[in-house]
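Novice: Okay, handing you the structure first.
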Amino acid sequence: MSDDAFMAALHKVTNGGMSLTELIGAAGQLGEGGQPRLAQQIYKIWMNFNKEHPQLFVAQFNAAVVATNLGDVAEAVELLRAAIAANPEFIPAYINLGGLLERTGAANDGVELWKVVIGKLAPISGLQVGYKIAALKQLGRVLGEHQKLETAETALQEALTLNPAQRDVMEQFMALRLGQCKWPVIQPFEGVDRKSQMLAIHPLSMGAYTDDPLLQLACAHRYVEQAIEETFDNLDVDRRHAKIDLDGRRLRVGYISSDLRDHAVGYLMAELFELHDREKVEVFAYYCGRPGNDALTQRIKASVEHWTDIREMTDDVAARQIAADGIDILVDVNGHTRDARTGVFARRPAPVLVNWLGFPGTMGSPYHHYIVADDWIIPEGSELYYSEKVVRLPCYQPNDRRRIIAEERPARADAGLPEDAVVFCCFNGPQKINRFTFARWMEILKGVEGSVLWLLESTPEAAERLRAMAEQHGVDRLRIHFAPKLANPWHLARYPLADLFLDTVPYGAHTTCSDALWMGVPILTLSGRSFASRVCGSLVRSAGMPDLVTETPEDFVARGIELGNDRAALAALKARLEANRDTCDLFNMEKLVDRLEGLYRGMAEDCASGQLPRPDLANLEAYLNIGIGFDHEAREMLAERDYQGLYKAALERRHRVRPLHADSRLWTADDIAAAERPRRDDAAPAEAERPARRRAAAAG
């Protein structure tokens, strides 16, 4: 709409001839035409001339939406309050106002507004269902972020009861149950069965739920198909067929991350950016996380050559920026984690796309070419569990040797720990604790008299749940201690109070592991089959402690008891860590950066020669349906000795009903031929049935 058209609309408003419907249409055209400020202005003028209009609240609500999009939050809040005053039964205004109040830091006020909505919609029908679900979703999200997990779970469960087909709500619901150590995690309720819950587990939660890498691959692939917008028209940014020519220039590497800040990933990567060889690599950072400018963010900004904030950019706009920058290799440092920008990768704005560090597993996408790992995390023969081509570093995780540690070191009494007892610790998040891990911990406590277990504090309900579970295992609840959450420098300073860190499985310690090892605390870990279950083993081995990496549950328990009863052995382990710290691969950042840049050069050469890998995504729906059929909480998949045999047998049964094409994982052309070959047990029943059929015919 031109300025002349705006003036014509303005004339109509001031002469009292513009209806509400015409107003909404005119403002919409202005917004779509790139003139949102004029849309905002036309709403203001109309409202000023129509103060007694019976539907003034609609104009106020729409004007608030425009103001919100323009970043005028205070004005939007004022308009929504006015809309509620004009019509206290207009539910959308409550929902939007609650969201704005949360953005301004008044989350509790937002929660109270959503509770008002739910109360107003108690006798629910028709269109009100959508409003109530929206309020419940907002309530569940904000309460969850503020660690009011029980109440958040109740809100989300009610939303799912109203409409079970809400993938995002189900993902949050399952994550909440994991985070509260509610076992079993899968708990059917009205209208929601076990299968629907399994199908909706987020890929990150699936890594904590089960050590089943084939199911994790299939889950990630399903998530990409359902959650990522892959149908778009702006193909001008698609550079999948571009060739990388490095003649006379540096390799352009871009990192997309929401965590280049005071976050675990930020701490891991800070020194990496400082050590990149500027004669070989031109470094671009694309930030997509929450706003802020903490000290770590400032440090990273200072160490990269180009910093671009893409938080407010659409996927199309961000992809266009990356393509314009001429990025050769684009690294996904989020993967399937919060605030990820997978949609940008779907647009293929760089010829090479890499999955590294932020997400411990495969993306399951058709566009990520490589995953960066190491020989322990993805050993030879395990490549079939990943859609990407596996490339390897000496140790896959970078570290920051400049991490800040509080000067004041606490004593055990300061932390409420017994002075003379063996202190086992685990500072992994509670979502990583499952009943199998906890049972192993209790066996170790029973085998080491007087020992205690020191965990990271979560919620009072979860703490009580774990203490009660300890009693069920025959362990005094007072032997379970909880450490309050502290800022990282003070958290690091208290690590040496522990004697031995006991890892979780299938999602083990990652940044937490390198923190413990840096502070001289040895870690006992159990490596499974999946990426998340093997990271800790990689880090412990890279720190020069391979004897602390076990591969069976029985060995984990036996080793924990053995070490807990040998104070001299524990002291020797701490001394080894201290001696190895400056020379081991885990903290050798110069070696890691040099090898990483070597991997990047190899990827560029693959691209130049037309040898980029293509993900094989065949049959993943079949693998998904097989995987969700296993009861992962009744029997630990880690303990299944013939893991691949379970899937192959299920694939054969499935093929005999609904034929499958061959894939590059477990279902080969030879397997198909064997499955289709006539078998004696197929023919015997048919022969035996013939006399019976003849007898039945005679009887008829």
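Each chain in the structure tokens gets a letter, A, B, ..., in the order shown, and its residues are numbered from 1; ligands are numbered from 1 in order too.
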At a cut-off of 7 Å, using only C-alpha atoms, what residues contact region 469-475 of chain A? Leave out same-chain residues fewer than 4 positions from it and give the result as a list of chain:residue names.

Specialist: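 Selected residues are A:Met442, A:Lys446, A:Arg465.
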
Novice: Might you pull out every residue within 9 Å of Glu230 (chain A), with only C-alpha atoms counted and same-chain residues fewer than 3 positions away left off, and present them as number ranges by chain?

Specialist: A: 224-225, 343, 346-347

Novice: Which parts of region 139-192 of chain A does DSSP call alpha helix (DSSP H) when run on the backbone here, written out as a PyMOL selection string?

Specialist: chain A and resi 139-145+149-162+167-179

Novice: Keeping only C-alpha atoms, take the residues you just selected and write them out as a JSON list (two decimals), in the first residue's frame.

Specialist:
[["chain", "number", "residue", "atom", "x", "y", "z"],
["A", 139, "LEU", "CA", 1.77, -22.01, 32.11],
["A", 140, "GLY", "CA", 3.63, -25.29, 31.76],
["A", 141, "ARG", "CA", 6.53, -23.71, 29.90],
["A", 142, "VAL", "CA", 7.12, -20.84, 32.33],
["A", 143, "LEU", "CA", 6.63, -22.97, 35.45],
["A", 144, "GLY", "CA", 9.10, -25.48, 34.04],
["A", 145, "GLU", "CA", 11.69, -22.77, 33.37],
["A", 149, "LEU", "CA", 8.19, -28.93, 37.69],
["A", 150, "GLU", "CA", 5.31, -30.75, 39.39],
["A", 151, "THR", "CA", 2.85, -27.95, 38.64],
["A", 152, "ALA", "CA", 4.20, -27.58, 35.11],
["A", 153, "GLU", "CA", 3.71, -31.30, 34.46],
["A", 154, "THR", "CA", 0.10, -31.10, 35.67],
["A", 155, "ALA", "CA", -0.63, -28.18, 33.31],
["A", 156, "LEU", "CA", 0.89, -29.94, 30.31],
["A", 157, "GLN", "CA", -0.89, -33.20, 31.10],
["A", 158, "GLU", "CA", -4.21, -31.34, 31.12],
["A", 159, "ALA", "CA", -3.34, -29.75, 27.76],
["A", 160, "LEU", "CA", -2.57, -33.19, 26.33],
["A", 161, "THR", "CA", -5.81, -34.62, 27.67],
["A", 162, "LEU", "CA", -7.66, -31.92, 25.71],
["A", 167, "ARG", "CA", 4.09, -32.76, 19.53],
["A", 168, "ASP", "CA", 5.72, -29.79, 21.26],
["A", 169, "VAL", "CA", 3.67, -30.24, 24.43],
["A", 170, "MET", "CA", 4.39, -33.95, 24.57],
["A", 171, "GLU", "CA", 8.13, -33.24, 24.17],
["A", 172, "GLN", "CA", 8.03, -30.85, 27.14],
["A", 173, "PHE", "CA", 5.94, -33.28, 29.17],
["A", 174, "MET", "CA", 8.40, -36.16, 28.65],
["A", 175, "ALA", "CA", 11.38, -33.89, 29.44],
["A", 176, "LEU", "CA", 9.70, -32.84, 32.70],
["A", 177, "ARG", "CA", 9.24, -36.45, 33.78],
["A", 178, "LEU", "CA", 12.90, -37.19, 33.03],
["A", 179, "GLY", "CA", 13.99, -34.10, 34.96]]

Novice: Which residues are close to region 65-68 of chain A, i.e. within 10 Å by only C-alpha atoms, leaving aside same-chain residues fewer than 2 positions away? Reply as an NGL selection string.

Specialist: :A and (27-28 or 31 or 36-37 or 39-40 or 43 or 59-63 or 70-77 or 79-80 or 93 or 96 or 100)

Novice: Include N, CA and C atoms and write out the residues we just selected as a CSV table (one decimal), in the first residue's frame.

Specialist:
chain,number,residue,atom,x,y,z
A,27,ALA,N,-4.7,-2.1,7.7
A,27,ALA,CA,-3.5,-2.2,8.5
A,27,ALA,C,-2.7,-3.5,8.1
A,28,GLY,N,-3.4,-4.5,7.8
A,28,GLY,CA,-2.7,-5.7,7.3
A,28,GLY,C,-1.9,-5.5,6.0
A,31,GLY,N,1.2,-3.6,6.8
A,31,GLY,CA,2.3,-4.4,7.4
A,31,GLY,C,2.9,-5.3,6.4
A,36,PRO,N,5.0,-1.3,8.8
A,36,PRO,CA,4.3,-1.6,10.0
A,36,PRO,C,4.1,-0.3,10.9
A,37,ARG,N,5.0,0.7,10.8
A,37,ARG,CA,4.8,1.9,11.6
A,37,ARG,C,3.5,2.6,11.1
A,39,ALA,N,0.9,1.1,9.9
A,39,ALA,CA,-0.1,0.2,10.4
A,39,ALA,C,-0.4,0.6,11.8
A,40,GLN,N,0.7,0.8,12.6
A,40,GLN,CA,0.5,1.1,14.0
A,40,GLN,C,-0.2,2.5,14.1
A,43,TYR,N,-4.0,2.3,13.4
A,43,TYR,CA,-4.8,1.8,14.5
A,43,TYR,C,-5.0,2.9,15.6
A,59,ALA,N,-9.6,-3.9,18.1
A,59,ALA,CA,-8.6,-3.0,17.5
A,59,ALA,C,-7.4,-2.9,18.5
A,60,GLN,N,-7.7,-2.8,19.8
A,60,GLN,CA,-6.6,-2.7,20.8
A,60,GLN,C,-5.7,-3.9,20.8
A,61,PHE,N,-6.3,-5.1,20.7
A,61,PHE,CA,-5.5,-6.3,20.6
A,61,PHE,C,-4.7,-6.4,19.4
A,62,ASN,N,-5.2,-6.1,18.2
A,62,ASN,CA,-4.4,-6.1,17.0
A,62,ASN,C,-3.3,-5.1,17.0
A,63,ALA,N,-3.6,-3.9,17.5
A,63,ALA,CA,-2.6,-2.9,17.6
A,63,ALA,C,-1.5,-3.3,18.5
A,70,LEU,N,7.0,-4.7,16.5
A,70,LEU,CA,7.9,-3.6,16.4
A,70,LEU,C,8.9,-3.4,17.6
A,71,GLY,N,8.7,-4.2,18.6
A,71,GLY,CA,9.5,-4.1,19.8
A,71,GLY,C,9.0,-3.1,20.8
A,72,ASP,N,7.8,-2.5,20.6
A,72,ASP,CA,7.3,-1.6,21.6
A,72,ASP,C,6.5,-2.3,22.6
A,73,VAL,N,7.2,-3.0,23.5
A,73,VAL,CA,6.6,-3.9,24.5
A,73,VAL,C,5.7,-3.1,25.5
A,74,ALA,N,6.2,-2.0,26.0
A,74,ALA,CA,5.4,-1.2,26.9
A,74,ALA,C,4.1,-0.8,26.3
A,75,GLU,N,4.1,-0.3,25.1
A,75,GLU,CA,2.9,0.1,24.5
A,75,GLU,C,1.9,-1.1,24.3
A,76,ALA,N,2.5,-2.3,23.9
A,76,ALA,CA,1.7,-3.4,23.7
A,76,ALA,C,1.0,-3.9,25.0
A,77,VAL,N,1.8,-3.8,26.1
A,77,VAL,CA,1.2,-4.1,27.4
A,77,VAL,C,0.1,-3.2,27.8
A,79,LEU,N,-1.9,-1.6,25.7
A,79,LEU,CA,-3.0,-1.8,24.8
A,79,LEU,C,-3.8,-3.1,25.2
A,80,LEU,N,-3.0,-4.1,25.6
A,80,LEU,CA,-3.7,-5.4,26.1
A,80,LEU,C,-4.4,-5.2,27.4
A,93,ALA,N,-6.4,-11.7,24.8
A,93,ALA,CA,-5.6,-10.6,25.4
A,93,ALA,C,-4.9,-11.1,26.6
A,96,ASN,N,-1.7,-13.2,25.5
A,96,ASN,CA,-0.6,-12.4,25.0
A,96,ASN,C,0.0,-11.5,26.0
A,100,LEU,N,4.0,-11.2,27.3
A,100,LEU,CA,4.7,-10.0,27.3
A,100,LEU,C,5.3,-9.7,28.7

Novice: Check region 145-355 of chain A with DSSP on the backbone and list each residue it calls strand (DSSP E or B), as a ChimeraX atom specification.

Specialist: /A:189,192,251-257,281-287,306-309,329-332,352-355

Novice: So that I can see what lies close to Glu380 (chain A), please list as number ranges by chain the residues with an atom at most 12 Å from it, counting only C-alpha atoms and leaving out residues fewer than 4 positions away in the same chain.

Specialist: A: 373-376, 384-385, 390-392, 529

Novice: Applying 12 Å and only C-alpha atoms, which residues near Gly289 (chain A) remain after dropping the ones on its own chain fewer than 3 positions away? List them as a PyMOL selection string.

Specialist: chain A and resi 256-263+265-266+285-286+292-293+297+308-313+333-334+337-341

Novice: When you count only C-alpha atoms, which of these residues is closest to Trp46 (chain A): A:Glu190, A:Glu22, A:Glu271, A:Glu282?

Specialist: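 Under the stated criterion, the closest residue is A:Glu22.
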
Novice: Would you pick out the contacts of region 555-563 of chain A at 8 Å or less, using only C-alpha atoms, so that residues sharing its chain but fewer than 4 positions from it are not included, and give the list as a PyMOL selection string?

Specialist: chain A and resi 440-441+443-445+447-448+502+524-526+550-551+567+569-570

Novice: Can you spit out the residues from that selection as a short mmCIF file (atom, residue, chain, number, x, y, z; two decimals), in the first residue's frame, using N, CA and C atoms?

Specialist:
data_model
loop_
_atom_site.label_atom_id
_atom_site.label_comp_id
_atom_site.auth_asym_id
_atom_site.auth_seq_id
_atom_site.Cartn_x
_atom_site.Cartn_y
_atom_site.Cartn_z
N ARG A 440 22.66 -49.02 40.51
CA ARG A 440 24.10 -49.32 40.57
C ARG A 440 24.78 -48.46 41.63
N TRP A 441 24.40 -47.20 41.69
CA TRP A 441 24.97 -46.34 42.73
C TRP A 441 24.68 -46.89 44.12
N GLU A 443 24.17 -49.98 44.99
CA GLU A 443 25.00 -51.17 45.23
C GLU A 443 26.40 -50.75 45.66
N ILE A 444 26.92 -49.70 45.04
CA ILE A 444 28.26 -49.22 45.42
C ILE A 444 28.25 -48.66 46.84
N LEU A 445 27.22 -47.88 47.18
CA LEU A 445 27.14 -47.34 48.55
C LEU A 445 27.07 -48.47 49.57
N GLY A 447 28.31 -51.33 49.26
CA GLY A 447 29.60 -52.03 49.28
C GLY A 447 30.72 -51.23 49.89
N VAL A 448 30.48 -49.93 50.15
CA VAL A 448 31.52 -49.07 50.75
C VAL A 448 30.92 -48.46 52.02
N LEU A 502 30.84 -40.68 40.03
CA LEU A 502 30.16 -41.83 39.44
C LEU A 502 29.27 -41.34 38.30
N LEU A 524 34.53 -42.51 37.28
CA LEU A 524 34.25 -43.89 36.88
C LEU A 524 33.05 -43.86 35.95
N THR A 525 33.21 -44.38 34.74
CA THR A 525 32.14 -44.31 33.76
C THR A 525 31.87 -45.67 33.13
N LEU A 526 30.69 -45.77 32.52
CA LEU A 526 30.25 -46.99 31.85
C LEU A 526 29.86 -46.61 30.43
N THR A 550 34.54 -48.53 32.14
CA THR A 550 34.01 -49.90 32.15
C THR A 550 33.03 -50.08 31.00
N GLU A 551 32.75 -51.35 30.68
CA GLU A 551 31.88 -51.63 29.53
C GLU A 551 30.72 -52.56 29.87
N ARG A 567 41.48 -46.19 49.83
CA ARG A 567 41.78 -44.75 49.85
C ARG A 567 43.11 -44.46 49.14
N ALA A 569 44.35 -46.02 46.57
CA ALA A 569 44.13 -46.06 45.11
C ALA A 569 43.47 -44.77 44.64
N LEU A 570 42.51 -44.26 45.42
CA LEU A 570 41.86 -43.00 45.05
C LEU A 570 42.86 -41.85 45.04
#

Novice: List the neighbours of Arg656 (chain A) out to 10 Å using only C-alpha atoms; skip same-chain residues closer than 3 positions along the sequence, and give me the result as a ChimeraX atom specification.

Specialist: /A:651-653,659-660,672,675-676

Novice: Taking only C-alpha atoms into account, name the residue in A:His510, A:Arg576, A:Ala323, A:Asn163 that is nearest to Leu357 (chain A).

Specialist: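 Checking each of A:His510, A:Arg576, A:Ala323, A:Asn163 against Leu357 (chain A), counting only C-alpha atoms, the winner is A:His510.
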
Novice: Please determine, counting only C-alpha atoms, which residue among A:Gly207, A:Gly17, A:Pro410, A:Pro553 has the shortest atom-to-atom distance to Phe438 (chain A).

Specialist: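 Looking only at the distances to Phe438 (chain A), the closest residue turns out to be A:Pro553.
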